[in-house]
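What follows is a short report on a single structure.
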Amino acid sequence: MKRAGQKVVAGTDTPGTSQTSKKQKTSLCGSEFGESELCTSMDWGSLPHHVILRVFQFLTLVDRARASSVCRRWNEVFHIPDLWRRFEFELSQPATSYLKSTHPDLIQQIIKRHADHLQYVSFKVDSSTESAEAACDILSQLVNCSIKTLGLISTAKPSFMNVSKAHFASALTVVFVNSKSLSSIKIDDTPLDDPSLKVLVANNSDTLKLLKMSSCPHVSPAGILCVADQCHGLKELALNYYILSDELLLALSSEKHVDLEHLRIDVVSENPGQVQFHTIKKQSWDALVKHSPKVNIVMYFFLYEDEFDAFFREETPVTHLYFGRAVSKAMLGRIGMNCPRLIELVVCANGLQPLDDELIQIAERCKNLTAMGLGECEVTCRGFIEFVKMCGGRLTQLSIMEEVLIPDSDYSLDRLHLEVSKHLGRMWFPDMMPTW
């Protein structure tokens with residue numbers, strides 16, 4: 001009867017289960033991470049420096065700056081030198097650009113506290129002269145830097161070209177003189193000049209490995225020759241054809257010079273008929289390939305049809321060819337005859353004459369060809385299949401616009417893709433849009 005008279009309180013925990021139940025309700029992640037501490041009591045500020053540093057490396061600069069305000073420890077990590085080895089300054093005018101600009105206060109903080117930590121630096125500027133000048137102003141303040149790579153990038157039109165030569169040269173001189181360990185410089189479309197190159201060579205000749213300076217109209221053949229003569233470790237070079245010379249190729253082929261790996265040459269004409277292009281001797285090309293047998297020689301052509309006379313009349317060791325404007329059948333015939341090292345060929349336009357014979361000759365003589373792209377051209381289906389059959393599976397990239405292919409009595413477009421796929425050893429279809 002006493003047992004019947006006892007009061008039973010609903011929801012009362014049985015002995016030994018109360019603490020377990022509470023722990024299950026409050027510790028939601030203990031089992032997942034194998035920790036006995038409650039998540040609610042975890043001290044995020046006590047994380048090891050290397051863990052916070054690793055997290056910060058995945059954050060954007062803005063998020064990193066916000067996270068640095070969480071606590072003193074996180075702020076300390078925010079200023080660790082390893083986080084400031086690599087930095088891209090984005091400079092734009094808000095009224096005219098879509099770019100997010102690096103905040104001026106942050107720029108000054110970087111200059112004051114991290115200039116000597118910067119090693120891999122680039123500047124991305126919009127089309128305004130003000131942004132390019134601001135980039136030069138920042139460069140002028142990096143007096144304690146030890147930069148290893150420098151890149152100047154114009155996202156639209158080449159805004160650095162609107163900066164005065166004196167201002168630009170002064171800014172580069174600060175970096176060239178103080179760094180003394182530059183290995184990579186990408187300064188296309190800038191007012192770089194010969195005196196600046198001499199300063200570069202005088203302070204960084206032992207470390208420079210890559211120099212990209214296409215569309216730098218103030219550099220002369222003598223200026224780039226100075227670089228080749230003294231920077232014997234140079235492995236990659238990009239320049240305009242007008243400063244390419246026999247003397248430069250021979251300098252790059254000297255016994256003191258390391259093997260060149262990549263040579264990019266831009267051949268550009270803005271005013272048809274006003275530029276006379278010189279010819280590079282076969283002996284000079286031969287000397288370069290003998291010294292650097294694995295060198296990739298890449299040529300971009302933006303010429304009009306009547307301006308190609310100086311090119312490919314003799315054997316030329318080019319490996320990659322890109323034609324951004326129309327190129328004649330005769331020119332493509334010369335390529336088939338005189339470019340045995342050719343690996344990639346892209347023709348954006350040709351005309352209304354079928355290129356069957358030219359493609360077959362290229363397939364026959366260019367045994368290293370692995371990539372082909374054709375735009376506004378014409379090729380019969382029969383001629384195209386013969387080209388693919390001769391190249392076979394070595395064609396790893398084949399981008400042909402559908403309107404390029406002319407059906408004939410032997411092959412329709414429907415049958416074409418099956419035949420081409422058979423010779424390539426994989427499924428292939430013509431492109432609806434250019435992919436190069």
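In the structure tokens, chains take letters A, B, ... by order of appearance, with residues numbered from 1 within each chain and ligands from 1 in the order shown.
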
Per residue of segment 110-222 of chain A within 12 Å of segment 83-89 of chain A, note the shortest atom pair and the distance in Å to one decimal, counting only C-alpha atoms, and order the rows by chain and increasing residue number, as a Markdown table.
```
| residue | atom | partner | partner_atom | distance |
| --- | --- | --- | --- | --- |
| A:Ile110 | CA | A:Trp84 | CA | 8.4 |
| A:Ile111 | CA | A:Trp84 | CA | 11.0 |
| A:Arg113 | CA | A:Trp84 | CA | 9.9 |
| A:His114 | CA | A:Trp84 | CA | 6.7 |
| A:Ala115 | CA | A:Trp84 | CA | 8.6 |
| A:Asp116 | CA | A:Arg85 | CA | 9.2 |
| A:His117 | CA | A:Arg85 | CA | 5.6 |
| A:Leu118 | CA | A:Arg85 | CA | 4.6 |
| A:Gln119 | CA | A:Arg85 | CA | 4.9 |
| A:Tyr120 | CA | A:Arg86 | CA | 4.5 |
| A:Val121 | CA | A:Phe87 | CA | 5.2 |
| A:Ser122 | CA | A:Glu88 | CA | 4.7 |
| A:Phe123 | CA | A:Phe89 | CA | 4.8 |
| A:Lys124 | CA | A:Phe89 | CA | 6.1 |
| A:Val125 | CA | A:Phe89 | CA | 8.2 |
| A:Asp126 | CA | A:Phe89 | CA | 11.5 |
| A:Ser131 | CA | A:Phe89 | CA | 10.6 |
| A:Ala132 | CA | A:Phe89 | CA | 11.2 |
| A:Ala134 | CA | A:Phe89 | CA | 10.2 |
| A:Ala135 | CA | A:Phe89 | CA | 8.0 |
| A:Cys136 | CA | A:Phe89 | CA | 11.4 |
| A:Ile138 | CA | A:Phe89 | CA | 9.3 |
| A:Leu139 | CA | A:Phe89 | CA | 10.7 |
| A:Cys145 | CA | A:Arg85 | CA | 10.6 |
| A:Ser146 | CA | A:Arg85 | CA | 9.9 |
| A:Ile147 | CA | A:Arg85 | CA | 8.9 |
| A:Lys148 | CA | A:Arg85 | CA | 9.7 |
| A:Thr149 | CA | A:Arg86 | CA | 9.3 |
| A:Leu150 | CA | A:Glu88 | CA | 9.9 |
| A:Gly151 | CA | A:Glu88 | CA | 9.0 |
| A:Leu152 | CA | A:Phe89 | CA | 9.8 |
| A:Ile153 | CA | A:Glu88 | CA | 10.1 |
| A:Ser154 | CA | A:Phe89 | CA | 12.0 |
```

Can you tell me which residues surround segment 314-331 of chain A at a distance of at most 7 Å, considering only C-alpha atoms, apart from same-chain residues fewer than 3 positions away, and format the answer as a VMD selection string? chain A and resid 282 285 296 to 305 334 to 335 338 to 350 355

Nearest to Ala222 of chain A, restricted to only C-alpha atoms and choosing among A:Met337, A:Ile243, A:Ile400, A:Val177, comes out as A:Ile243

List every residue of segment 172-302 of chain A that DSSP, applied to the backbone, labels as alpha helix (DSSP H), and write the result as JSON, numbers by chain. {"A": [172, 173, 174, 175, 176, 177, 178, 179, 194, 195, 196, 197, 198, 199, 200, 201, 202, 203, 204, 221, 222, 223, 224, 225, 226, 227, 228, 229, 230, 246, 247, 248, 249, 250, 251, 252, 282, 283, 284, 285, 286, 287, 288, 289, 290, 291]}

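What separates atom CA of Ala251 of chain A from atom CA of Lys180 of chain A is a distance of 22.9 Å.
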
Among segment 162-353 of chain A, which ones does DSSP assign to strand (DSSP E) (computed from the backbone)? Answer as an MDAnalysis selection string. chainID A and resid 184:186 210:212 236:240 262:268 296:302 320:326 344:349

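For Ala310 of chain A, the list of residues within 12 Å, based on only C-alpha atoms and with local chain neighbours fewer than 2 positions off taken out, reads A:Tyr241, A:Val267, A:Val275, A:Gln276, A:Phe277, A:His278, A:Thr279, A:Ile280, A:Lys281, A:Leu303, A:Glu305, A:Asp306, A:Glu307, A:Phe308, A:Phe312, A:Arg313, A:Glu314, A:Thr316, A:Met331, A:Arg334.
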
The residue from A:Asp137, A:Glu402, A:Glu358, A:Glu236 with the smallest atom-to-atom distance to Ser184 of chain A, counting only C-alpha atoms, is A:Glu236

Quote the spacing between atom CA of His423 of chain A and atom CA of Gly373 of chain A in Å to one decimal place.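 Atom CA of Gly373 of chain A lies 17.3 Å from atom CA of His423 of chain A.
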
Residues at most 12 Å from segment 385-397 of chain A, counting only C-alpha atoms, excluding those fewer than 3 positions away in the same chain, as an mmCIF file with N, CA and C atoms, in the first residue's frame?
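Final output, result-v1.cif:
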```cif
data_model
loop_
_atom_site.group_PDB
_atom_site.id
_atom_site.type_symbol
_atom_site.label_atom_id
_atom_site.label_comp_id
_atom_site.auth_asym_id
_atom_site.auth_seq_id
_atom_site.Cartn_x
_atom_site.Cartn_y
_atom_site.Cartn_z
ATOM 1 N N ILE A 343 53.926 21.692 -83.669
ATOM 2 C CA ILE A 343 53.115 20.901 -82.743
ATOM 3 C C ILE A 343 51.655 21.337 -82.764
ATOM 4 N N GLU A 344 51.426 22.653 -82.878
ATOM 5 C CA GLU A 344 50.059 23.189 -82.823
ATOM 6 C C GLU A 344 49.877 24.262 -83.883
ATOM 7 N N LEU A 345 48.735 24.223 -84.555
ATOM 8 C CA LEU A 345 48.414 25.200 -85.594
ATOM 9 C C LEU A 345 46.969 25.651 -85.432
ATOM 10 N N VAL A 346 46.769 26.968 -85.319
ATOM 11 C CA VAL A 346 45.426 27.545 -85.233
ATOM 12 C C VAL A 346 45.288 28.599 -86.324
ATOM 13 N N LEU A 355 41.300 24.118 -98.321
ATOM 14 C CA LEU A 355 42.682 23.952 -97.876
ATOM 15 C C LEU A 355 43.105 22.481 -97.849
ATOM 16 N N ASP A 356 42.466 21.651 -98.649
ATOM 17 C CA ASP A 356 42.742 20.215 -98.607
ATOM 18 C C ASP A 356 44.225 19.911 -98.805
ATOM 19 N N ASP A 357 44.796 20.407 -99.898
ATOM 20 C CA ASP A 357 46.190 20.093 -100.225
ATOM 21 C C ASP A 357 47.144 20.581 -99.142
ATOM 22 N N GLU A 358 46.881 21.780 -98.615
ATOM 23 C CA GLU A 358 47.763 22.352 -97.601
ATOM 24 C C GLU A 358 47.722 21.528 -96.309
ATOM 25 N N LEU A 359 46.543 21.105 -95.896
ATOM 26 C CA LEU A 359 46.424 20.309 -94.677
ATOM 27 C C LEU A 359 47.086 18.943 -94.839
ATOM 28 N N ILE A 360 46.916 18.334 -95.984
ATOM 29 C CA ILE A 360 47.520 17.025 -96.218
ATOM 30 C C ILE A 360 49.043 17.136 -96.208
ATOM 31 N N GLN A 361 49.568 18.217 -96.772
ATOM 32 C CA GLN A 361 51.019 18.418 -96.760
ATOM 33 C C GLN A 361 51.531 18.636 -95.340
ATOM 34 N N ILE A 362 50.775 19.379 -94.547
ATOM 35 C CA ILE A 362 51.147 19.607 -93.143
ATOM 36 C C ILE A 362 51.129 18.291 -92.372
ATOM 37 N N ALA A 363 50.118 17.473 -92.606
ATOM 38 C CA ALA A 363 50.034 16.174 -91.921
ATOM 39 C C ALA A 363 51.200 15.274 -92.314
ATOM 40 N N GLU A 364 51.620 15.368 -93.568
ATOM 41 C CA GLU A 364 52.687 14.512 -94.072
ATOM 42 C C GLU A 364 54.057 14.916 -93.548
ATOM 43 N N ARG A 365 54.305 16.227 -93.456
ATOM 44 C CA ARG A 365 55.652 16.698 -93.135
ATOM 45 C C ARG A 365 55.824 17.107 -91.671
ATOM 46 N N CYS A 366 54.746 17.491 -91.007
ATOM 47 C CA CYS A 366 54.833 17.930 -89.603
ATOM 48 C C CYS A 366 54.482 16.746 -88.705
ATOM 49 N N LYS A 367 55.451 15.889 -88.467
ATOM 50 C CA LYS A 367 55.211 14.628 -87.772
ATOM 51 C C LYS A 367 54.903 14.807 -86.287
ATOM 52 N N ASN A 368 55.173 16.007 -85.740
ATOM 53 C CA ASN A 368 54.914 16.258 -84.317
ATOM 54 C C ASN A 368 53.577 16.941 -84.066
ATOM 55 N N LEU A 369 52.821 17.202 -85.117
ATOM 56 C CA LEU A 369 51.563 17.940 -84.975
ATOM 57 C C LEU A 369 50.576 17.158 -84.117
ATOM 58 N N THR A 370 50.117 17.786 -83.022
ATOM 59 C CA THR A 370 49.149 17.141 -82.125
ATOM 60 C C THR A 370 47.895 17.979 -81.901
ATOM 61 N N ALA A 371 47.874 19.235 -82.382
ATOM 62 C CA ALA A 371 46.717 20.104 -82.126
ATOM 63 C C ALA A 371 46.442 20.960 -83.358
ATOM 64 N N MET A 372 45.171 21.055 -83.713
ATOM 65 C CA MET A 372 44.772 21.831 -84.886
ATOM 66 C C MET A 372 43.466 22.553 -84.590
ATOM 67 N N GLY A 373 43.377 23.822 -85.011
ATOM 68 C CA GLY A 373 42.142 24.588 -84.886
ATOM 69 C C GLY A 373 41.893 25.366 -86.161
ATOM 70 N N LEU A 374 40.682 25.289 -86.710
ATOM 71 C CA LEU A 374 40.329 25.996 -87.930
ATOM 72 C C LEU A 374 39.039 26.774 -87.711
ATOM 73 N N VAL A 379 37.267 23.376 -95.948
ATOM 74 C CA VAL A 379 37.925 22.097 -96.190
ATOM 75 C C VAL A 379 36.842 21.107 -96.600
ATOM 76 N N THR A 380 37.091 20.337 -97.651
ATOM 77 C CA THR A 380 36.107 19.323 -98.026
ATOM 78 C C THR A 380 36.148 18.192 -97.008
ATOM 79 N N CYS A 381 35.033 17.511 -96.855
ATOM 80 C CA CYS A 381 34.978 16.399 -95.905
ATOM 81 C C CYS A 381 35.990 15.321 -96.276
ATOM 82 N N ARG A 382 36.130 15.060 -97.574
ATOM 83 C CA ARG A 382 37.091 14.054 -98.006
ATOM 84 C C ARG A 382 38.517 14.460 -97.643
ATOM 85 N N ILE A 400 37.456 22.102 -84.931
ATOM 86 C CA ILE A 400 37.094 22.544 -86.271
ATOM 87 C C ILE A 400 35.657 23.041 -86.246
ATOM 88 N N LEU A 405 33.585 22.721 -92.788
ATOM 89 C CA LEU A 405 33.551 21.455 -93.516
ATOM 90 C C LEU A 405 32.523 21.489 -94.645
ATOM 91 N N ILE A 406 32.966 21.122 -95.863
ATOM 92 C CA ILE A 406 32.108 21.145 -97.051
ATOM 93 C C ILE A 406 31.735 19.708 -97.410
ATOM 94 N N PRO A 407 30.452 19.346 -97.323
ATOM 95 C CA PRO A 407 30.051 17.984 -97.710
ATOM 96 C C PRO A 407 30.366 17.724 -99.182
ATOM 97 N N ASP A 408 30.692 16.471 -99.492
ATOM 98 C CA ASP A 408 30.969 16.111 -100.888
ATOM 99 C C ASP A 408 30.251 14.805 -101.215
ATOM 100 N N ASP A 410 31.302 11.872 -101.249
ATOM 101 C CA ASP A 410 31.715 10.717 -100.449
ATOM 102 C C ASP A 410 31.236 10.776 -99.010
ATOM 103 N N TYR A 411 31.202 11.984 -98.451
ATOM 104 C CA TYR A 411 30.918 12.095 -97.018
ATOM 105 C C TYR A 411 29.937 13.229 -96.736
ATOM 106 N N SER A 412 28.940 12.906 -95.929
ATOM 107 C CA SER A 412 28.064 13.928 -95.361
ATOM 108 C C SER A 412 28.599 14.288 -93.984
ATOM 109 N N LEU A 413 28.061 15.339 -93.404
ATOM 110 C CA LEU A 413 28.504 15.733 -92.067
ATOM 111 C C LEU A 413 28.171 14.662 -91.036
ATOM 112 N N ARG A 415 28.086 11.399 -91.506
ATOM 113 C CA ARG A 415 29.039 10.304 -91.626
ATOM 114 C C ARG A 415 30.452 10.750 -91.239
ATOM 115 N N LEU A 416 30.714 12.040 -91.418
ATOM 116 C CA LEU A 416 32.058 12.568 -91.164
ATOM 117 C C LEU A 416 32.497 12.304 -89.721
ATOM 118 N N HIS A 417 31.652 12.624 -88.756
ATOM 119 C CA HIS A 417 32.077 12.525 -87.368
ATOM 120 C C HIS A 417 32.354 11.073 -86.985
ATOM 121 N N LEU A 418 31.643 10.119 -87.596
ATOM 122 C CA LEU A 418 31.910 8.711 -87.315
ATOM 123 C C LEU A 418 33.262 8.290 -87.866
ATOM 124 N N GLU A 419 33.566 8.755 -89.067
ATOM 125 C CA GLU A 419 34.840 8.396 -89.703
ATOM 126 C C GLU A 419 36.016 9.023 -88.975
ATOM 127 N N VAL A 420 35.866 10.296 -88.603
ATOM 128 C CA VAL A 420 36.935 10.975 -87.867
ATOM 129 C C VAL A 420 37.129 10.322 -86.509
ATOM 130 N N SER A 421 36.046 9.996 -85.821
ATOM 131 C CA SER A 421 36.136 9.348 -84.505
ATOM 132 C C SER A 421 36.886 8.030 -84.600
ATOM 133 N N LYS A 422 36.676 7.293 -85.693
ATOM 134 C CA LYS A 422 37.351 6.006 -85.869
ATOM 135 C C LYS A 422 38.867 6.196 -85.967
ATOM 136 N N HIS A 423 39.312 7.203 -86.709
ATOM 137 C CA HIS A 423 40.747 7.422 -86.892
ATOM 138 C C HIS A 423 41.400 8.030 -85.652
ATOM 139 N N LEU A 424 40.634 8.815 -84.892
ATOM 140 C CA LEU A 424 41.186 9.407 -83.675
ATOM 141 C C LEU A 424 41.196 8.434 -82.504
ATOM 142 N N GLY A 425 40.333 7.431 -82.565
ATOM 143 C CA GLY A 425 40.237 6.493 -81.456
ATOM 144 C C GLY A 425 39.411 7.022 -80.305
ATOM 145 N N ARG A 426 38.588 8.025 -80.583
ATOM 146 C CA ARG A 426 37.704 8.593 -79.552
ATOM 147 C C ARG A 426 36.550 9.302 -80.264
ATOM 148 N N MET A 427 35.500 9.601 -79.509
ATOM 149 C CA MET A 427 34.350 10.268 -80.100
ATOM 150 C C MET A 427 34.699 11.719 -80.424
ATOM 151 N N TRP A 428 34.327 12.160 -81.641
ATOM 152 C CA TRP A 428 34.638 13.531 -82.059
ATOM 153 C C TRP A 428 33.446 14.117 -82.807
ATOM 154 N N PHE A 429 33.191 15.420 -82.548
ATOM 155 C CA PHE A 429 32.192 16.187 -83.290
ATOM 156 C C PHE A 429 32.774 17.544 -83.636
ATOM 157 N N PRO A 430 32.361 18.135 -84.754
ATOM 158 C CA PRO A 430 32.804 19.518 -85.036
ATOM 159 C C PRO A 430 32.236 20.479 -84.018
ATOM 160 N N ASP A 431 32.906 21.620 -83.849
ATOM 161 C CA ASP A 431 32.520 22.606 -82.850
ATOM 162 C C ASP A 431 31.495 23.582 -83.408
ATOM 163 N N THR A 435 37.014 27.204 -79.756
ATOM 164 C CA THR A 435 37.472 26.897 -78.403
ATOM 165 C C THR A 435 38.881 27.382 -78.157
ATOM 166 N N TRP A 436 39.507 28.059 -79.098
ATOM 167 C CA TRP A 436 40.852 28.560 -78.874
ATOM 168 C C TRP A 436 40.848 30.032 -78.531
#
```

Shortest contact to Asp229 of chain A, candidates A:Val201, A:Glu376, A:Leu352, A:Lys212, atoms counted only C-alpha atoms, goes to A:Val201
